[in-house]
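S.K.: Sending over upload.csv (CSV, C-alpha atoms).
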chain,number,residue,atom,x,y,z
Q,1,MET,CA,27.0,-102.2,-122.0
Q,2,GLU,CA,27.8,-99.4,-124.4
Q,3,TYR,CA,30.2,-96.5,-123.9
Q,4,SER,CA,28.6,-93.1,-123.6
Q,5,SER,CA,30.5,-90.0,-122.9
Q,6,SER,CA,27.6,-88.7,-120.9
Q,7,VAL,CA,27.9,-91.5,-118.3
Q,8,SER,CA,30.4,-90.8,-115.6
Q,9,ASP,CA,32.5,-93.5,-114.1
Q,10,TRP,CA,31.1,-93.2,-110.6
Q,11,GLY,CA,27.9,-91.2,-111.0
Q,12,PHE,CA,24.8,-92.2,-109.2
Q,13,GLY,CA,21.2,-92.3,-110.3
Q,14,SER,CA,19.3,-94.0,-113.0
Q,15,GLY,CA,21.6,-95.2,-115.8
Q,16,LEU,CA,24.7,-93.4,-114.4
Q,17,GLY,CA,27.9,-94.8,-113.1
Q,18,ALA,CA,29.6,-97.2,-115.5
Q,19,TYR,CA,31.4,-98.9,-112.7
Q,20,HIS,CA,28.2,-99.5,-110.8
Q,21,HIS,CA,26.5,-101.1,-113.8
Q,22,SER,CA,29.3,-103.3,-115.2
Q,23,THR,CA,32.2,-105.5,-114.3
Q,24,TRP,CA,34.5,-103.0,-112.7
Q,25,MET,CA,38.0,-104.3,-112.0
Q,26,GLU,CA,37.4,-107.4,-114.0
Q,27,ALA,CA,40.5,-106.8,-116.1
Q,28,ASN,CA,42.6,-106.3,-113.0
Q,29,CYS,CA,41.4,-109.6,-111.5
Q,30,PHE,CA,41.5,-111.8,-114.6
Q,31,ASN,CA,44.6,-110.6,-116.4
Q,32,TRP,CA,47.9,-112.2,-115.6
Q,33,ARG,CA,50.1,-110.6,-112.9
Q,34,GLU,CA,52.4,-109.0,-115.5
Q,35,GLY,CA,54.9,-107.7,-112.8
Q,36,ASN,CA,56.1,-111.3,-112.5
Q,37,PHE,CA,57.4,-111.2,-116.1
Q,38,VAL,CA,60.8,-109.6,-116.8
Q,39,LYS,CA,59.0,-108.0,-119.7
Q,40,SER,CA,55.3,-108.5,-120.5
Q,41,PRO,CA,54.5,-110.4,-123.7
Q,42,ILE,CA,50.8,-109.4,-123.6
Q,43,ALA,CA,50.8,-105.6,-123.0
Q,44,ASP,CA,49.3,-104.9,-126.4
Q,45,TYR,CA,47.0,-107.9,-126.3
Q,46,ASN,CA,45.3,-106.9,-123.0
Q,47,GLY,CA,45.2,-103.1,-123.5
Q,48,ARG,CA,48.1,-102.6,-121.1
Q,49,VAL,CA,46.1,-103.4,-118.1
Q,50,GLY,CA,48.4,-105.2,-115.7
Q,51,GLY,CA,46.5,-107.8,-113.7
Q,52,TRP,CA,46.5,-109.4,-110.3
Q,53,GLY,CA,46.5,-113.0,-111.6
Q,54,SER,CA,43.4,-114.0,-109.6
Q,55,ILE,CA,42.7,-117.0,-111.9
Q,56,GLY,CA,45.6,-119.3,-111.6
Q,57,LEU,CA,45.6,-122.7,-113.1
Q,58,PRO,CA,46.9,-125.7,-111.1
Q,59,GLU,CA,49.7,-127.5,-112.8
Q,60,TRP,CA,47.8,-130.8,-112.8
Q,61,TYR,CA,44.9,-129.1,-114.6
Q,62,GLY,CA,47.1,-127.7,-117.4
Q,63,VAL,CA,48.9,-130.9,-117.9
Q,64,ALA,CA,45.7,-133.0,-117.9
Q,65,PHE,CA,44.0,-130.5,-120.3
Q,66,GLN,CA,47.0,-130.7,-122.7
Q,67,GLU,CA,47.1,-134.5,-122.5
Q,68,ASN,CA,43.4,-134.7,-123.3
Q,69,ASP,CA,43.1,-132.0,-125.9
Q,70,GLY,CA,46.6,-131.7,-127.4
Q,71,ASP,CA,46.8,-128.6,-129.6
Q,72,SER,CA,43.0,-128.4,-130.2
Q,73,TYR,CA,41.2,-125.2,-130.8
Q,74,ARG,CA,39.5,-125.6,-127.4
Q,75,ARG,CA,42.8,-125.9,-125.5
Q,76,LYS,CA,44.4,-123.0,-127.4
Q,77,ALA,CA,41.4,-120.8,-126.5
Q,78,THR,CA,41.5,-121.8,-122.9
Q,79,LEU,CA,45.1,-121.9,-121.6
Q,80,ILE,CA,48.7,-121.4,-122.7
Q,81,ASN,CA,52.0,-122.6,-121.3
Q,82,ILE,CA,54.2,-119.9,-119.8
Q,83,GLU,CA,57.1,-120.8,-122.0
Q,84,GLU,CA,55.0,-120.5,-125.1
Q,85,ALA,CA,53.9,-117.0,-124.0
Q,86,VAL,CA,57.3,-115.8,-122.8
Q,87,TYR,CA,59.3,-117.1,-125.8
Q,88,LEU,CA,56.6,-116.0,-128.3
Q,89,GLY,CA,56.0,-119.4,-129.8
Q,90,GLU,CA,53.7,-119.9,-132.8
Q,91,GLU,CA,50.6,-120.0,-130.7
Q,92,ALA,CA,51.5,-116.8,-128.8
Q,93,ARG,CA,52.3,-114.9,-132.0
Q,94,ALA,CA,49.1,-116.0,-133.6
Q,95,LEU,CA,47.3,-114.5,-130.6
Q,96,GLY,CA,49.1,-111.2,-131.1
Q,97,PHE,CA,51.5,-111.5,-128.2
Q,98,LYS,CA,54.6,-109.3,-128.6
Q,99,TYR,CA,57.1,-107.2,-126.7
Q,100,ASP,CA,57.4,-103.4,-126.7
Q,101,ASP,CA,61.0,-104.0,-128.0
Q,102,GLU,CA,60.9,-104.8,-131.7
Q,103,SER,CA,64.4,-106.4,-131.5
Q,104,LEU,CA,62.8,-109.1,-129.2
Q,105,ASN,CA,59.8,-109.6,-131.5
Q,106,SER,CA,62.2,-110.4,-134.4
Q,107,MET,CA,63.9,-113.1,-132.5
Q,108,THR,CA,62.9,-116.8,-132.8
Q,109,PRO,CA,61.7,-118.6,-129.7
Q,110,GLU,CA,65.1,-120.4,-129.5
Q,111,GLN,CA,66.9,-117.0,-129.5
Q,112,LEU,CA,64.5,-115.6,-126.8
Q,113,LYS,CA,65.3,-118.6,-124.6
Q,114,THR,CA,68.9,-117.3,-124.3
Q,115,SER,CA,67.9,-113.7,-123.8
Q,116,THR,CA,68.1,-112.1,-120.4
Q,117,SER,CA,65.6,-109.5,-121.5
Q,118,VAL,CA,62.6,-111.8,-121.2
Q,119,GLY,CA,61.6,-114.5,-118.8
Q,120,ILE,CA,59.9,-114.8,-115.4
Q,121,ASN,CA,60.9,-113.2,-112.1
Q,122,ASN,CA,61.2,-115.8,-109.3
Q,123,LEU,CA,61.2,-118.7,-111.8
Q,124,ASP,CA,61.6,-121.2,-108.9
Q,125,GLN,CA,58.1,-120.3,-107.8
Q,126,GLY,CA,56.4,-120.4,-111.2
Q,127,LEU,CA,54.4,-117.4,-112.2
Q,128,TYR,CA,51.9,-117.8,-109.4
Q,129,GLY,CA,53.8,-120.3,-107.3
Q,130,GLN,CA,51.6,-123.2,-108.5
Q,131,SER,CA,51.8,-123.7,-112.2
Q,132,PHE,CA,53.4,-123.1,-115.6
Q,133,TRP,CA,50.0,-122.8,-117.3
Q,134,LEU,CA,48.2,-119.4,-117.8
Q,135,PRO,CA,44.5,-118.9,-118.5
Q,136,LEU,CA,43.5,-117.3,-121.8
Q,137,LYS,CA,39.8,-117.6,-121.8
Q,138,HIS,CA,39.1,-114.9,-119.2
Q,139,ILE,CA,41.8,-112.4,-120.1
Q,140,CYS,CA,40.3,-109.0,-121.0
Q,141,ARG,CA,41.7,-108.1,-124.4
Q,142,GLY,CA,42.2,-104.4,-125.2
Q,143,THR,CA,39.4,-104.7,-127.7
Q,144,ASP,CA,37.1,-105.9,-124.9
Q,145,MET,CA,37.5,-102.6,-123.2
Q,146,THR,CA,37.1,-100.3,-126.2
Q,147,ASP,CA,34.9,-97.5,-125.1
Q,148,GLY,CA,34.9,-94.8,-127.7
Q,149,GLY,CA,38.1,-93.1,-126.6
Q,150,GLY,CA,37.8,-92.9,-122.8
Q,151,SER,CA,39.4,-95.6,-120.7
Q,152,HIS,CA,37.4,-95.7,-117.5
Q,153,GLY,CA,40.6,-96.5,-115.8
Q,154,GLY,CA,41.3,-99.3,-118.2
Q,155,ASN,CA,39.8,-102.0,-115.9
Q,156,LEU,CA,36.2,-102.0,-117.1
Q,157,ARG,CA,35.0,-104.6,-119.6
Q,158,LEU,CA,32.5,-103.3,-122.0
Q,159,ASN,CA,31.5,-106.5,-123.7
Q,160,ASN,CA,29.7,-109.6,-122.6
Would you mind giving the structure from this file in structure tokens?

M.R.:
Amino acid sequence: MEYSSSVSDWGFGSGLGAYHHSTWMEANCFNWREGNFVKSPIADYNGRVGGWGSIGLPEWYGVAFQENDGDSYRRKATLINIEEAVYLGEEARALGFKYDDESLNSMTPEQLKTSTSVGINNLDQGLYGQSFWLPLKHICRGTDMTDGGGSHGGNLRLNN
């Protein structure tokens, strides 16, 4: 799908209605439920589309994947541990994760672990109450939703 300023979001008829001919709300479904973070480490990465966290990973799956693949390219492209994401470890920084607060971005992961400005709300439940692993493969990046200047509400993926 290509962005066209002549195509309305909800228009009807032949070739009209970007939402009707694409994956509307994909970003909302696939992106992490960022409201569960004290501060989101992926706002820039995902184009500032807060998600609903519809694709949770069971803890056993994340652990088994890590044990099988270690730090392989495949594992790093598929899932990430919550601590790695929240404390901006090497893997998270390589992906472009960062906070809106530059003073946090300049801290080491060890320093971030002692900060009350980052973390997870309701830590006793995990981010989704089931796991400390987060999916990466299906997150809609901000570049996935580039549409020539319009945003279509920010939840429309314009790539395959």

S.K.: Which residue, Q:Ser54, Q:Gln66, Q:Thr114, Q:Asn81, has the smallest gap to Arg33 in chain Q when you use all atoms listed in the file?

M.R.: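 Looking only at the distances to Arg33 in chain Q, the closest residue turns out to be Q:Ser54.
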
S.K.: Using all atoms listed in the file, find all polymer residues with an atom at most 9 Å away from the point (46.9, -119.9, -115.0); report them as a list in words.

M.R.: Trp32, Gly53, Ser54, Ile55, Gly56, Leu57, Pro58, Glu59, Gly62, Leu79, Ile80, Asn81, Ile82, Leu127, Tyr128, Gln130, Ser131, Phe132, Trp133, Leu134, Pro135 and Leu136 of chain Q

S.K.: Return the single residue from Q:Lys137, Q:Ala92, Q:Thr143, Q:Lys98 that is closest to Arg74 in chain Q, with distances computed using all atoms listed in the file.

M.R.: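 Of all the options, Q:Lys137 lies closest to Arg74 in chain Q.
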
S.K.: Given the choices Q:Ser40, Q:Asn31, Q:Thr116, Q:Gln111, which gets closest to Phe97 in chain Q if the distance is worked out from all atoms listed in the file?

M.R.: Q:Ser40

S.K.: Counting only C-alpha atoms, which residue out of Q:Phe37, Q:Trp52, Q:Tyr87, Q:Phe30 sits closest to Ile139 in chain Q?

M.R.: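 Comparing Q:Phe37, Q:Trp52, Q:Tyr87, Q:Phe30 against Ile139 in chain Q, the winner is Q:Phe30.
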
S.K.: I'd like to know which of Q:Glu34, Q:Glu91, Q:Glu102, Q:Asp44 is closest to Lys76 in chain Q, using all atoms listed in the file.

M.R.: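 Closest to Lys76 in chain Q, using all atoms listed in the file: Q:Glu91.
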
S.K.: Counting all atoms listed in the file, figure out which residue out of Q:Ser106, Q:Ser117, Q:Asn36, Q:Thr78 gets nearest to Phe65 in chain Q.

M.R.: Q:Thr78

S.K.: Report, in Å to a single decimal, how far apart CA of Thr108 in chain Q and CA of Val38 in chain Q are.

M.R.: 17.7 Å
